[in-house]
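Here is the file start-v6.txt (compact mmCIF, C-alpha atoms and all ligand atoms).
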```txt
# COMPACT_ATOMS: atom_id res chain seq x y z
CA MET K 94 -112.48 -7.46 83.70
CA PRO K 95 -112.04 -10.82 85.36
CA PHE K 96 -109.16 -12.07 83.25
CA GLY K 97 -107.11 -8.94 83.86
CA ASP K 98 -107.72 -9.08 87.57
CA THR K 99 -106.98 -12.74 87.85
CA THR K 100 -103.82 -12.52 85.80
CA SER K 101 -102.49 -9.69 87.91
CA ALA K 102 -103.32 -11.67 91.02
CA VAL K 103 -101.19 -14.49 89.69
CA GLY K 104 -98.48 -11.93 89.06
CA HIS K 105 -98.49 -11.08 92.73
CA SER K 106 -98.34 -14.69 93.67
CA GLU K 107 -95.32 -15.24 91.50
CA SER K 108 -93.49 -12.43 93.18
CA ALA K 109 -94.46 -13.90 96.54
CA ALA K 110 -92.96 -17.17 95.45
CA GLU K 111 -89.85 -15.33 94.27
CA HIS K 112 -89.43 -13.82 97.70
CA SER K 113 -89.90 -17.18 99.27
CA ALA K 114 -86.78 -18.45 97.57
CA SER K 115 -84.67 -16.07 99.60
CA SER K 116 -86.77 -16.19 102.71
CA ASP K 117 -84.33 -18.30 104.65
CA LYS K 118 -82.10 -15.26 105.05
CA SER K 119 -82.96 -13.14 108.02
CA ASP K 120 -84.13 -9.60 107.39
CA SER K 121 -83.98 -6.58 109.68
CA GLY K 122 -87.15 -6.42 111.75
CA VAL K 123 -88.97 -9.27 110.03
CA SER K 124 -88.07 -12.84 110.83
CA SER K 125 -87.86 -15.31 108.02
CA ALA K 126 -90.63 -17.37 109.65
CA GLN K 127 -92.93 -14.32 109.67
CA ARG K 128 -92.19 -13.54 106.06
CA LEU K 129 -92.78 -17.14 105.01
CA SER K 130 -96.05 -17.18 106.82
CA ARG K 131 -97.13 -13.89 105.20
CA GLU K 132 -96.23 -15.14 101.75
CA ALA K 133 -97.91 -18.47 102.35
CA ASN K 134 -101.09 -16.68 103.38
CA LEU K 135 -100.91 -14.43 100.34
CA LEU K 136 -100.64 -17.41 98.01
CA VAL K 137 -103.55 -19.18 99.66
CA GLU K 138 -105.59 -15.97 99.56
CA VAL K 139 -104.88 -15.36 95.88
CA GLY K 140 -105.63 -19.00 95.08
CA ARG K 141 -108.95 -18.79 96.88
CA GLY K 142 -109.73 -15.55 95.05
CA VAL K 143 -109.11 -17.21 91.71
CA VAL K 144 -111.14 -20.31 92.55
CA ASN K 145 -114.03 -18.20 93.82
CA ARG K 146 -114.15 -16.27 90.56
CA VAL K 147 -114.08 -19.25 88.22
CA ASP K 148 -117.75 -18.72 87.38
CA GLU K 149 -116.99 -15.27 86.00
CA LEU K 150 -115.02 -16.81 83.16
CA THR K 151 -117.15 -17.53 80.16
CA ASP K 152 -115.09 -20.13 78.33
CA HIS K 153 -114.45 -23.67 79.35
CA PRO K 154 -110.66 -23.87 79.11
CA GLY K 155 -110.41 -20.63 81.04
CA GLN K 156 -112.57 -22.09 83.80
CA VAL K 157 -110.61 -25.30 83.92
CA ALA K 158 -107.31 -23.46 83.99
CA ALA K 159 -108.48 -21.00 86.62
CA GLU K 160 -109.94 -23.69 88.82
CA LEU K 161 -106.85 -25.81 88.58
CA GLY K 162 -104.52 -22.84 88.78
CA GLY K 163 -106.27 -21.45 91.83
CA SER K 164 -106.14 -24.80 93.55
CA MET K 165 -102.44 -25.07 92.75
CA LEU K 166 -101.79 -21.63 94.19
CA ILE K 167 -103.46 -22.75 97.39
CA GLY K 168 -101.25 -25.83 97.27
CA ALA K 169 -98.20 -23.59 96.79
CA GLY K 170 -99.22 -21.55 99.84
CA LEU K 171 -99.58 -24.67 101.91
CA ALA K 172 -96.22 -25.98 100.71
CA LEU K 173 -94.66 -22.65 101.69
CA ALA K 174 -96.34 -22.76 105.08
CA GLN K 175 -94.71 -26.13 105.63
CA GLY K 176 -91.31 -24.69 104.79
CA LYS K 177 -91.15 -26.17 101.29
CA ALA K 178 -90.25 -22.94 99.51
CA GLY K 179 -88.81 -24.71 96.47
CA VAL K 180 -92.01 -26.64 95.83
CA ALA K 181 -94.11 -23.51 96.33
CA ARG K 182 -92.01 -21.51 93.89
CA GLU K 183 -92.18 -24.21 91.24
CA VAL K 184 -95.93 -24.58 91.54
CA ALA K 185 -96.55 -20.82 91.43
CA GLN K 186 -94.45 -20.50 88.29
CA ILE K 187 -96.29 -23.30 86.55
CA VAL K 188 -99.59 -21.70 87.42
CA GLY K 189 -98.48 -18.24 86.38
CA ALA K 190 -97.20 -19.35 83.01
CA SER K 191 -100.06 -21.66 82.18
CA MET K 192 -102.77 -19.27 83.24
CA THR K 193 -101.24 -16.45 81.24
CA ALA K 194 -101.18 -18.69 78.20
CA SER K 195 -104.70 -19.84 78.72
CA PHE K 196 -106.07 -16.33 79.20
CA ALA K 197 -104.31 -15.15 76.07
CA LEU K 198 -106.01 -17.96 74.19
CA THR K 199 -109.32 -17.10 75.70
CA SER K 200 -109.30 -13.52 74.52
CA ALA K 201 -107.86 -14.31 71.11
CA ARG K 202 -110.08 -17.25 70.31
CA GLN K 203 -108.07 -18.01 67.22
CA LEU K 204 -106.09 -21.11 66.59
CA GLU K 205 -103.12 -19.23 65.21
CA VAL K 206 -102.82 -17.00 68.26
CA ALA K 207 -103.37 -20.01 70.44
CA LYS K 208 -100.52 -21.89 68.86
CA ASN K 209 -98.15 -18.93 69.12
CA SER K 210 -99.05 -18.37 72.71
CA ILE K 211 -98.49 -21.99 73.57
CA GLU K 212 -95.23 -22.08 71.69
CA ASN K 213 -93.99 -18.93 73.38
CA THR K 214 -94.88 -20.24 76.77
CA TRP K 215 -94.03 -23.89 76.50
CA LYS K 216 -91.84 -24.59 73.50
CA ASN K 217 -89.46 -21.63 73.73
CA PRO K 218 -89.52 -20.51 77.31
CA THR K 219 -87.45 -17.54 78.28
CA GLY K 220 -86.45 -16.06 81.62
CA GLU K 221 -88.45 -17.43 84.48
CA ASN K 222 -90.50 -19.64 82.22
CA ARG K 223 -87.41 -21.62 81.28
CA GLU K 224 -87.11 -22.86 84.81
CA ALA K 225 -90.72 -23.88 84.85
CA LYS K 226 -90.51 -25.78 81.59
CA ASN K 227 -89.48 -29.17 82.86
CA ALA K 228 -91.71 -29.20 85.86
CA ALA K 229 -94.56 -27.86 83.78
CA ASN K 230 -94.16 -30.29 80.94
CA THR K 231 -97.10 -32.52 81.68
CA PHE K 232 -99.32 -29.81 83.00
CA GLY K 233 -98.45 -27.46 80.16
CA ALA K 234 -99.22 -30.09 77.56
CA PHE K 235 -102.57 -30.62 79.14
CA ILE K 236 -103.44 -26.92 79.16
CA ALA K 237 -102.19 -26.57 75.61
CA ASP K 238 -104.32 -29.48 74.45
CA THR K 239 -107.36 -28.03 76.10
CA ALA K 240 -106.72 -24.64 74.57
CA ILE K 241 -106.18 -26.01 71.07
CA PHE K 242 -109.40 -27.95 71.31
CA SER K 243 -111.27 -24.87 72.32
CA ALA K 244 -109.63 -22.51 69.86
CA GLY K 245 -110.35 -24.99 67.09
CA GLY K 246 -114.02 -24.88 67.97
CA ILE K 247 -114.04 -28.16 69.84
CA VAL K 248 -115.10 -28.03 73.42
CA GLY K 249 -112.14 -29.33 75.34
CA VAL K 250 -113.56 -29.23 78.78
CA LYS K 251 -114.72 -32.84 78.72
CA VAL K 252 -111.31 -33.99 77.70
CA ALA K 253 -109.76 -31.83 80.36
CA ARG K 254 -112.05 -33.00 83.11
CA ASN K 255 -111.43 -36.64 82.23
CA SER K 256 -107.73 -36.12 81.85
CA SER K 257 -105.77 -38.20 84.26
CA VAL K 258 -103.40 -35.27 84.75
CA TYR K 259 -106.24 -33.02 85.80
CA MET K 260 -107.75 -35.63 88.06
CA GLY K 261 -104.40 -36.61 89.50
CA VAL K 262 -103.36 -33.05 90.33
CA HIS K 263 -106.77 -32.27 91.72
CA HIS K 264 -106.83 -35.39 93.82
CA SER K 265 -103.52 -34.66 95.48
CA ILE K 266 -104.41 -31.02 96.11
CA ASP K 267 -107.78 -32.07 97.46
CA LYS K 268 -106.06 -34.47 99.81
CA ALA K 269 -103.65 -31.80 101.02
CA LEU K 270 -106.52 -29.37 101.51
CA GLY K 271 -108.52 -32.01 103.40
CA ILE K 272 -105.70 -32.27 105.93
CA ARG K 273 -105.54 -28.47 106.13
CA THR K 274 -109.32 -28.33 106.68
CA GLN K 275 -109.06 -30.66 109.64
CA GLU K 276 -106.24 -28.59 111.13
CA GLN K 277 -108.33 -25.44 110.82
CA HIS K 278 -111.36 -27.20 112.32
CA ALA K 279 -109.16 -28.33 115.21
CA GLN K 280 -108.14 -24.70 115.83
CA LEU K 281 -111.78 -23.59 115.89
CA ARG K 282 -112.63 -26.45 118.26
CA GLN K 283 -109.84 -25.35 120.61
CA GLN K 284 -111.28 -21.84 120.53
CA MET K 285 -114.74 -23.15 121.42
CA LEU K 286 -113.30 -25.33 124.21
CA GLY K 287 -111.87 -22.18 125.77
CA TYR K 288 -115.00 -20.11 125.20
CA HIS K 289 -117.84 -22.51 125.97
CA PRO K 290 -116.82 -26.12 126.72
CA LEU K 291 -120.41 -27.38 126.80
CA THR K 292 -120.91 -26.31 123.19
CA ALA K 293 -117.55 -27.79 122.17
CA HIS K 294 -118.48 -31.19 123.62
CA HIS K 295 -121.97 -30.97 122.13
CA GLN K 296 -120.45 -30.38 118.68
CA ASP K 297 -118.08 -33.32 119.10
CA ARG K 298 -120.97 -35.65 119.90
CA VAL K 299 -123.18 -34.33 117.10
CA GLY K 300 -120.35 -34.97 114.64
CA ASP K 301 -119.86 -38.51 115.92
CA MET K 302 -123.59 -39.23 115.93
CA SER K 303 -123.95 -37.78 112.41
CA ARG K 304 -121.31 -40.18 111.18
CA ILE K 305 -123.10 -43.14 112.78
CA ILE K 306 -126.41 -42.12 111.18
CA ALA K 307 -124.89 -41.33 107.76
CA GLU K 308 -123.13 -44.70 107.71
CA GLY K 309 -126.39 -46.34 108.77
CA MET K 310 -128.05 -44.71 105.75
CA ARG K 311 -125.25 -46.05 103.57
CA LEU K 312 -124.51 -42.59 102.21
CA PRO K 313 -121.42 -42.30 99.98
CA PRO K 314 -118.13 -41.84 101.89
CA ALA K 315 -117.90 -38.17 100.83
CA SER K 316 -121.33 -37.49 102.35
CA VAL K 317 -120.46 -39.35 105.53
CA GLU K 318 -117.33 -37.23 105.86
CA LYS K 319 -119.29 -34.02 105.22
CA ALA K 320 -122.03 -34.87 107.73
CA PHE K 321 -119.35 -35.74 110.31
CA LEU K 322 -117.30 -32.56 109.81
CA ALA K 323 -120.36 -30.28 109.53
CA GLY K 324 -121.73 -31.79 112.75
CA LYS K 325 -118.44 -31.03 114.51
CA MET K 326 -118.70 -27.37 113.49
CA HIS K 327 -122.45 -26.71 113.30
CA ASP K 328 -122.61 -24.43 116.36
CA ILE K 329 -119.25 -22.70 115.87
CA GLY K 330 -121.23 -19.46 115.30
CA LYS K 331 -121.87 -19.47 119.07
CA LEU K 332 -118.34 -18.07 119.42
CA LYS K 333 -120.14 -14.80 118.66
CA THR K 334 -122.96 -15.37 121.19
CA PRO K 335 -122.29 -13.74 124.60
CA THR K 336 -121.72 -16.39 127.29
CA GLU K 337 -124.34 -14.76 129.56
CA ILE K 338 -126.92 -15.78 126.97
CA LEU K 339 -125.41 -19.23 126.42
CA ASN K 340 -125.41 -19.83 130.19
CA SER K 341 -128.73 -18.19 131.00
CA PRO K 342 -130.58 -20.34 133.55
CA GLY K 343 -134.05 -19.09 132.62
CA LYS K 344 -136.23 -18.43 129.62
CA LEU K 345 -134.65 -16.04 127.13
CA ASP K 346 -136.42 -12.77 126.28
CA GLY K 347 -137.15 -11.75 122.68
CA HIS K 348 -133.89 -9.89 122.19
CA GLU K 349 -131.77 -12.68 123.70
CA ARG K 350 -133.55 -15.24 121.53
CA ALA K 351 -132.80 -13.19 118.41
CA VAL K 352 -129.12 -12.99 119.42
CA ILE K 353 -128.80 -16.74 119.99
CA ASN K 354 -130.73 -17.55 116.82
CA HIS K 355 -128.09 -15.69 114.86
CA HIS K 356 -125.51 -18.36 115.65
CA ALA K 357 -126.53 -20.49 112.66
CA THR K 358 -125.79 -17.69 110.20
CA ASP K 359 -122.55 -16.95 112.06
CA THR K 360 -121.53 -20.59 111.66
CA GLY K 361 -121.61 -20.15 107.88
CA VAL K 362 -119.73 -16.85 108.05
CA ILE K 363 -116.96 -18.16 110.34
CA LEU K 364 -116.40 -21.36 108.35
CA LYS K 365 -116.24 -19.48 105.05
CA GLU K 366 -113.77 -16.99 106.52
CA LYS K 367 -111.53 -19.29 108.50
CA VAL K 368 -111.39 -22.60 106.68
CA ASP K 369 -110.04 -23.70 103.30
CA TYR K 370 -112.19 -26.53 102.00
CA PRO K 371 -111.30 -28.95 99.24
CA LYS K 372 -113.81 -29.09 96.43
CA ARG K 373 -115.66 -32.10 97.79
CA LEU K 374 -116.40 -30.13 100.99
CA ALA K 375 -116.97 -26.74 99.36
CA ASP K 376 -120.59 -26.45 100.58
CA LEU K 377 -119.80 -27.52 104.15
CA PRO K 378 -120.35 -24.02 105.61
CA THR K 379 -123.87 -24.02 104.12
CA VAL K 380 -124.56 -27.59 105.25
CA ALA K 381 -123.53 -26.62 108.79
CA GLN K 382 -125.36 -23.31 108.96
CA ASN K 383 -128.68 -24.87 107.88
CA HIS K 384 -129.02 -27.20 110.88
CA HIS K 385 -132.06 -25.33 112.26
CA GLU K 386 -133.97 -25.39 108.97
CA ARG K 387 -137.03 -27.65 108.79
CA LEU K 388 -138.42 -29.75 105.95
CA ASP K 389 -141.74 -27.87 106.22
CA GLY K 390 -140.07 -24.49 105.68
CA ARG K 391 -140.70 -23.25 109.23
CA GLY K 392 -137.08 -23.37 110.35
CA SER K 393 -134.43 -20.70 110.62
CA PRO K 394 -132.63 -18.63 109.53
CA ASN K 395 -133.81 -18.84 105.89
CA GLN K 396 -137.01 -20.91 106.00
CA LEU K 397 -135.62 -23.35 103.45
CA SER K 398 -137.80 -26.31 102.56
CA ALA K 399 -137.26 -30.00 101.89
CA GLU K 400 -135.37 -30.10 98.62
CA GLN K 401 -133.26 -27.09 99.58
CA ILE K 402 -131.83 -28.83 102.63
CA ALA K 403 -128.87 -31.13 101.97
CA VAL K 404 -129.07 -34.70 103.22
CA GLU K 405 -125.99 -34.09 105.40
CA THR K 406 -127.83 -31.20 107.09
CA ARG K 407 -130.86 -33.43 107.72
CA VAL K 408 -128.53 -35.91 109.40
CA ASN K 409 -127.01 -33.13 111.54
CA THR K 410 -130.49 -31.95 112.58
CA VAL K 411 -131.53 -35.33 114.00
CA ALA K 412 -128.16 -35.77 115.73
CA ASP K 413 -128.32 -32.20 117.10
CA VAL K 414 -131.85 -32.40 118.54
CA PHE K 415 -131.15 -35.84 120.03
CA ASP K 416 -128.05 -34.55 121.76
CA VAL K 417 -129.72 -31.39 123.10
CA LEU K 418 -132.66 -33.39 124.48
CA SER K 419 -130.58 -36.12 126.08
CA HIS K 420 -128.14 -33.77 127.84
CA SER K 421 -128.49 -31.10 130.45
CA ARG K 422 -128.32 -27.42 129.62
CA SER K 423 -128.07 -24.34 131.84
CA TYR K 424 -131.87 -24.15 131.69
CA LYS K 425 -132.88 -27.84 131.81
CA ALA K 426 -132.05 -31.41 132.87
CA PRO K 427 -131.94 -34.22 130.29
CA THR K 428 -135.40 -34.59 128.78
CA PRO K 429 -137.44 -37.62 129.96
CA VAL K 430 -137.35 -40.42 127.39
CA ALA K 431 -141.12 -40.36 126.85
CA LYS K 432 -140.99 -36.74 125.78
CA LEU K 433 -137.86 -37.31 123.70
CA ILE K 434 -139.61 -40.02 121.66
CA ASP K 435 -142.66 -37.76 121.23
CA VAL K 436 -140.50 -34.91 119.88
CA PHE K 437 -139.00 -37.16 117.22
CA GLU K 438 -142.19 -38.92 116.18
CA GLY K 439 -144.14 -35.62 116.28
CA GLY K 440 -141.58 -34.00 113.98
CA ARG K 441 -141.36 -36.84 111.46
CA GLY K 442 -141.71 -35.41 107.96
CA THR K 443 -142.03 -31.81 109.16
CA GLN K 444 -138.91 -31.13 111.21
CA PHE K 445 -137.07 -34.39 110.58
CA ASP K 446 -136.46 -36.46 107.47
CA GLY K 447 -138.17 -39.84 108.04
CA LYS K 448 -135.34 -41.76 106.38
CA VAL K 449 -132.75 -40.13 108.64
CA LEU K 450 -134.92 -40.73 111.68
CA ASP K 451 -135.37 -44.41 110.81
CA ALA K 452 -131.64 -44.87 110.23
CA PHE K 453 -131.05 -43.38 113.67
CA LEU K 454 -133.71 -45.47 115.45
CA HIS K 455 -132.36 -48.69 113.92
CA GLN K 456 -128.82 -48.13 115.21
CA PRO K 457 -127.52 -50.59 117.80
CA ALA K 458 -128.02 -49.03 121.24
CA SER K 459 -124.42 -50.01 122.06
CA LYS K 460 -123.25 -47.38 119.54
CA VAL K 461 -125.63 -44.59 120.61
CA LEU K 462 -125.53 -44.92 124.40
CA PRO K 463 -121.88 -43.91 124.88
CA LEU K 464 -122.79 -40.57 123.25
CA MET K 465 -126.21 -40.27 124.87
CA LEU K 466 -124.97 -41.03 128.39
CA SER K 467 -121.67 -39.20 128.12
CA GLU K 468 -122.45 -37.09 131.18
CA GLY K 469 -122.99 -40.20 133.30
CA GLY K 470 -119.37 -41.30 133.28
CA ASN K 471 -117.71 -44.09 131.34
CA ILE K 472 -120.36 -46.53 130.21
CA SER K 473 -118.13 -48.48 127.85
CA ARG K 474 -118.24 -51.40 130.30
CA VAL K 475 -121.99 -51.82 130.00
CA ALA K 476 -122.50 -50.66 126.39
CA PRO K 477 -121.85 -54.15 124.90
CA THR K 478 -124.88 -55.36 126.90
CA PHE K 479 -127.00 -53.38 124.43
CA LYS K 480 -125.31 -54.67 121.29
CA LYS K 481 -128.28 -56.59 119.93
CA VAL K 482 -130.87 -53.92 120.74
CA GLU K 483 -131.91 -51.07 118.46
CA ILE K 484 -131.93 -47.65 120.12
CA GLY K 485 -135.50 -46.98 118.89
CA ASP K 486 -136.79 -50.20 120.48
CA LEU K 487 -134.92 -49.48 123.71
CA LEU K 488 -136.26 -45.91 124.01
CA ARG K 489 -139.83 -46.97 123.21
CA SER K 490 -139.57 -49.78 125.77
CA VAL K 491 -138.31 -47.32 128.37
CA LYS K 492 -141.24 -45.04 127.54
CA ASP K 493 -143.75 -47.93 127.89
CA HIS K 494 -142.01 -49.35 131.00
CA LYS K 495 -141.98 -52.76 129.29
CA PRO K 496 -140.28 -54.36 126.27
CA VAL K 497 -142.06 -53.37 123.05
CA PRO K 498 -143.50 -56.39 121.21
CA GLY K 499 -141.22 -57.89 118.58
CA SER K 500 -138.07 -56.38 120.05
CA SER K 501 -135.28 -58.15 121.87
CA VAL K 502 -135.27 -55.62 124.71
CA THR K 503 -135.31 -57.12 128.21
CA THR K 504 -136.65 -55.74 131.48
CA ASP K 505 -133.11 -55.81 132.85
CA GLN K 506 -131.97 -53.56 130.00
CA ILE K 507 -134.81 -51.10 130.67
CA ASN K 508 -133.81 -50.95 134.35
CA LEU K 509 -130.13 -50.58 133.55
CA PHE K 510 -130.87 -47.80 131.07
CA ASN K 511 -133.03 -45.95 133.59
CA THR K 512 -130.30 -46.13 136.23
CA LEU K 513 -127.73 -44.80 133.78
CA TYR K 514 -129.96 -42.08 132.36
CA LEU K 515 -131.18 -40.94 135.76
CA GLY K 516 -127.53 -40.78 136.78
CA THR K 517 -127.09 -37.99 134.23
CA GLN K 518 -129.82 -35.82 135.77
FE FE H 1 -127.48 -24.76 116.70
```
Exercise: express the given structure as structure tokens:
Amino acid sequence: MPFGDTTSAVGHSESAAEHSASSDKSDSGVSSAQRLSREANLLVEVGRGVVNRVDELTDHPGQVAAELGGSMLIGAGLALAQGKAGVAREVAQIVGASMTASFALTSARQLEVAKNSIENTWKNPTGENREAKNAANTFGAFIADTAIFSAGGIVGVKVARNSSVYMGVHHSIDKALGIRTQEQHAQLRQQMLGYHPLTAHHQDRVGDMSRIIAEGMRLPPASVEKAFLAGKMHDIGKLKTPTEILNSPGKLDGHERAVINHHATDTGVILKEKVDYPKRLADLPTVAQNHHERLDGRGSPNQLSAEQIAVETRVNTVADVFDVLSHSRSYKAPTPVAKLIDVFEGGRGTQFDGKVLDAFLHQPASKVLPLMLSEGGNISRVAPTFKKVEIGDLLRSVKDHKPVPGSSVTTDQINLFNTLYLGTQ
């Protein structure tokens, strides 16, 4: 039964928080830092468990409480990890008390029981609850209101979701988790830098290019952030691909191809396992793992089609293919510009989203070239020369060996580009 499980999980978390209060004292064999870290991890783990099971709850106040409670447990774990044991303990107690009350209400579904439960928990706290009372005042009132609404037959979830308390708490936890997410991404990036630097640098550029494209599309800030972060992590699954395959100079055989193709799925698995995401980034592992899907359903690993592929993934795909083509690999030099243009135009609407492609092609070349020519040394000195030129016009002009009509590309720019691009080969 979900409620029973969840409640007992909170019970564990409370005892973890209890221990944390005395964790400054050293213990035989286990350092206080180790114990703190274990307890912090436990809290985060329990919080994630609760949040992941929110959908199992059938009533609205239960879902709201569990979602909020789970998030707060994660917050408590993070506070503990930062050495703020007092904060962690307080938060865990609030969550424990409020969730117990809410679950009691849920099973009783009667106003009378609801009122008693609320009174017992909030109005006449005893033991540990007494300590939580003051800190929990606002939060408790909010949960109580939600519960009374529900028990009285009024759906309280709307009120709860619009409640400034709910939003405020969520916002601050989301912010804290966002910082945590970036720290965990940075650890994974370090791991990739040690394992396969070429992939690490590729991911960095794909993230940066995704942000440029997403901003060019005027996507909402949350989408821009997601496309940027997913781009930075999209190939992290290659940590599980043997380096002999990643560095193979020749054509891969069937088995090797199957092994390397698995990296997209592994990206999703690793990100789900290793990273805590705030709610606004909850689907980032899926966004990142889908970067080899195609609009026409002929991609991998799941042959998703157009509407099943998030816009952030479509952005990553264009940024990814552009970066692979314009850089060298163990098996190839940078792709000639003529062929590069053909790949993009040939894949318009089938492999690539036309809107994403257009947003990319209209970007100022001065923004794209530092990423495109990153192997050719520092080009920041010459990049401003291309400020007024769109990258699409520049590449098409290079392909045609003359400025395309209607563009502001000059012959000097074509020559300069060729020198720089050839320098990368
Ligand atoms: Fe990939």
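From atom CA of K:Asp328 back to atom CA of K:Val411, the distance works out to 14.3 Å.
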Taking a cut-off of 12 Å and counting all atoms listed in the file, can you build a table that, for each residue of chain K near ligand FE 1 (chain H), reports the nearest atom pair and how far apart they are in Å (one decimal), sorted by chain then residue number, as a tab-separated table?
```
residue	atom	partner	partner_atom	distance
K:Thr292	CA	H:FE1	FE	9.4
K:Ala293	CA	H:FE1	FE	11.7
K:His295	CA	H:FE1	FE	9.9
K:Gln296	CA	H:FE1	FE	9.2
K:Val299	CA	H:FE1	FE	10.5
K:Ala323	CA	H:FE1	FE	11.5
K:Gly324	CA	H:FE1	FE	9.9
K:Lys325	CA	H:FE1	FE	11.2
K:Met326	CA	H:FE1	FE	9.7
K:His327	CA	H:FE1	FE	6.4
K:Asp328	CA	H:FE1	FE	4.9
K:Ile329	CA	H:FE1	FE	8.5
K:Gly330	CA	H:FE1	FE	8.3
K:Lys331	CA	H:FE1	FE	8.1
K:Leu332	CA	H:FE1	FE	11.6
K:Thr334	CA	H:FE1	FE	11.3
K:Leu339	CA	H:FE1	FE	11.4
K:Ile353	CA	H:FE1	FE	8.8
K:Asn354	CA	H:FE1	FE	7.9
K:His355	CA	H:FE1	FE	9.3
K:His356	CA	H:FE1	FE	6.8
K:Ala357	CA	H:FE1	FE	6.0
K:Thr358	CA	H:FE1	FE	9.8
K:Asp359	CA	H:FE1	FE	10.3
K:Thr360	CA	H:FE1	FE	8.8
K:Gly361	CA	H:FE1	FE	11.6
K:Ala381	CA	H:FE1	FE	9.0
K:Gln382	CA	H:FE1	FE	8.2
K:Asn383	CA	H:FE1	FE	8.9
K:His384	CA	H:FE1	FE	6.5
K:His385	CA	H:FE1	FE	6.4
K:Glu386	CA	H:FE1	FE	10.1
K:Gly392	CA	H:FE1	FE	11.6
K:Ser393	CA	H:FE1	FE	10.1
K:Pro394	CA	H:FE1	FE	10.7
K:Thr406	CA	H:FE1	FE	11.6
K:Asn409	CA	H:FE1	FE	9.8
K:Thr410	CA	H:FE1	FE	8.8
K:Val411	CA	H:FE1	FE	11.6
K:Ala412	CA	H:FE1	FE	11.1
K:Asp413	CA	H:FE1	FE	7.5
K:Val414	CA	H:FE1	FE	9.0
K:Asp416	CA	H:FE1	FE	11.0
K:Val417	CA	H:FE1	FE	9.5
```
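For the choices K:Val502, K:Pro342, K:Gly271, K:Arg282, the atom-to-atom distance to K:His294 is smallest for K:Arg282 when using all atoms listed in the file.
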What is the atom CA of K:Arg373-atom CA of K:Ile272 distance in Å, reported with one decimal? 12.9 Å
Taking (-119.1, -33.7, 104.5) in the coordinates of the supplied file, I want to know which residues reach to within 9 Å of it, counting all atoms listed in the file; could you give the answer as a PyMOL selection string? chain K and resi 314-324+373-377+380+405
Written file, previous selection with C-alpha atoms, as an mmCIF file, in the frame of the given file:
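Once everything was written out, this is part17.cif:
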```
data_model
loop_
_atom_site.group_PDB
_atom_site.id
_atom_site.type_symbol
_atom_site.label_atom_id
_atom_site.label_comp_id
_atom_site.auth_asym_id
_atom_site.auth_seq_id
_atom_site.Cartn_x
_atom_site.Cartn_y
_atom_site.Cartn_z
ATOM 1 C CA PRO K 314 -118.130 -41.840 101.890
ATOM 2 C CA ALA K 315 -117.900 -38.170 100.830
ATOM 3 C CA SER K 316 -121.330 -37.490 102.350
ATOM 4 C CA VAL K 317 -120.460 -39.350 105.530
ATOM 5 C CA GLU K 318 -117.330 -37.230 105.860
ATOM 6 C CA LYS K 319 -119.290 -34.020 105.220
ATOM 7 C CA ALA K 320 -122.030 -34.870 107.730
ATOM 8 C CA PHE K 321 -119.350 -35.740 110.310
ATOM 9 C CA LEU K 322 -117.300 -32.560 109.810
ATOM 10 C CA ALA K 323 -120.360 -30.280 109.530
ATOM 11 C CA GLY K 324 -121.730 -31.790 112.750
ATOM 12 C CA ARG K 373 -115.660 -32.100 97.790
ATOM 13 C CA LEU K 374 -116.400 -30.130 100.990
ATOM 14 C CA ALA K 375 -116.970 -26.740 99.360
ATOM 15 C CA ASP K 376 -120.590 -26.450 100.580
ATOM 16 C CA LEU K 377 -119.800 -27.520 104.150
ATOM 17 C CA VAL K 380 -124.560 -27.590 105.250
ATOM 18 C CA GLU K 405 -125.990 -34.090 105.400
#
```
Can you tell me how far atom CA of K:Ala452 sits from atom CA of K:Glu468, in Å to one decimal?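 Answer for the atom CA of K:Ala452 to atom CA of K:Glu468 separation: 24.2 Å.
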Taking all atoms listed in the file into account, produce a table as a tab-separated table in which each residue of stretch 307-414 of chain K with an atom at most 7 Å from an atom of stretch 421-440 of chain K appears once, together with its shortest atom pair and the distance in Å to one decimal, ordered by chain and rising number.
```
residue	atom	partner	partner_atom	distance
K:Asn340	CA	K:Ser423	CA	5.5
K:Ser341	CA	K:Ser423	CA	6.2
K:Pro342	CA	K:Tyr424	CA	4.4
K:Gly343	CA	K:Tyr424	CA	5.6
```
Taking all atoms listed in the file into account, name the residue in K:Leu488, K:Leu286, K:Val404, K:Ala399 that is nearest to K:Pro313.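 That would be K:Val404, the residue with the smallest distance to K:Pro313.
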Would you please work out which residue, of K:Thr504, K:Ser467, K:Ser473, K:Thr512, is nearest to K:Ser419 when using only C-alpha atoms? K:Ser467
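Shortest separation to K:Gly168 among K:Asp369, K:Glu276, K:Glu308, K:Asp301 occurs at residue K:Asp369, atoms counted being only C-alpha atoms.
When only C-alpha atoms are used to measure the gap to K:Gln444, the shortest distance among K:Pro335, K:Pro290, K:Gly390, K:Pro498 belongs to K:Gly390.
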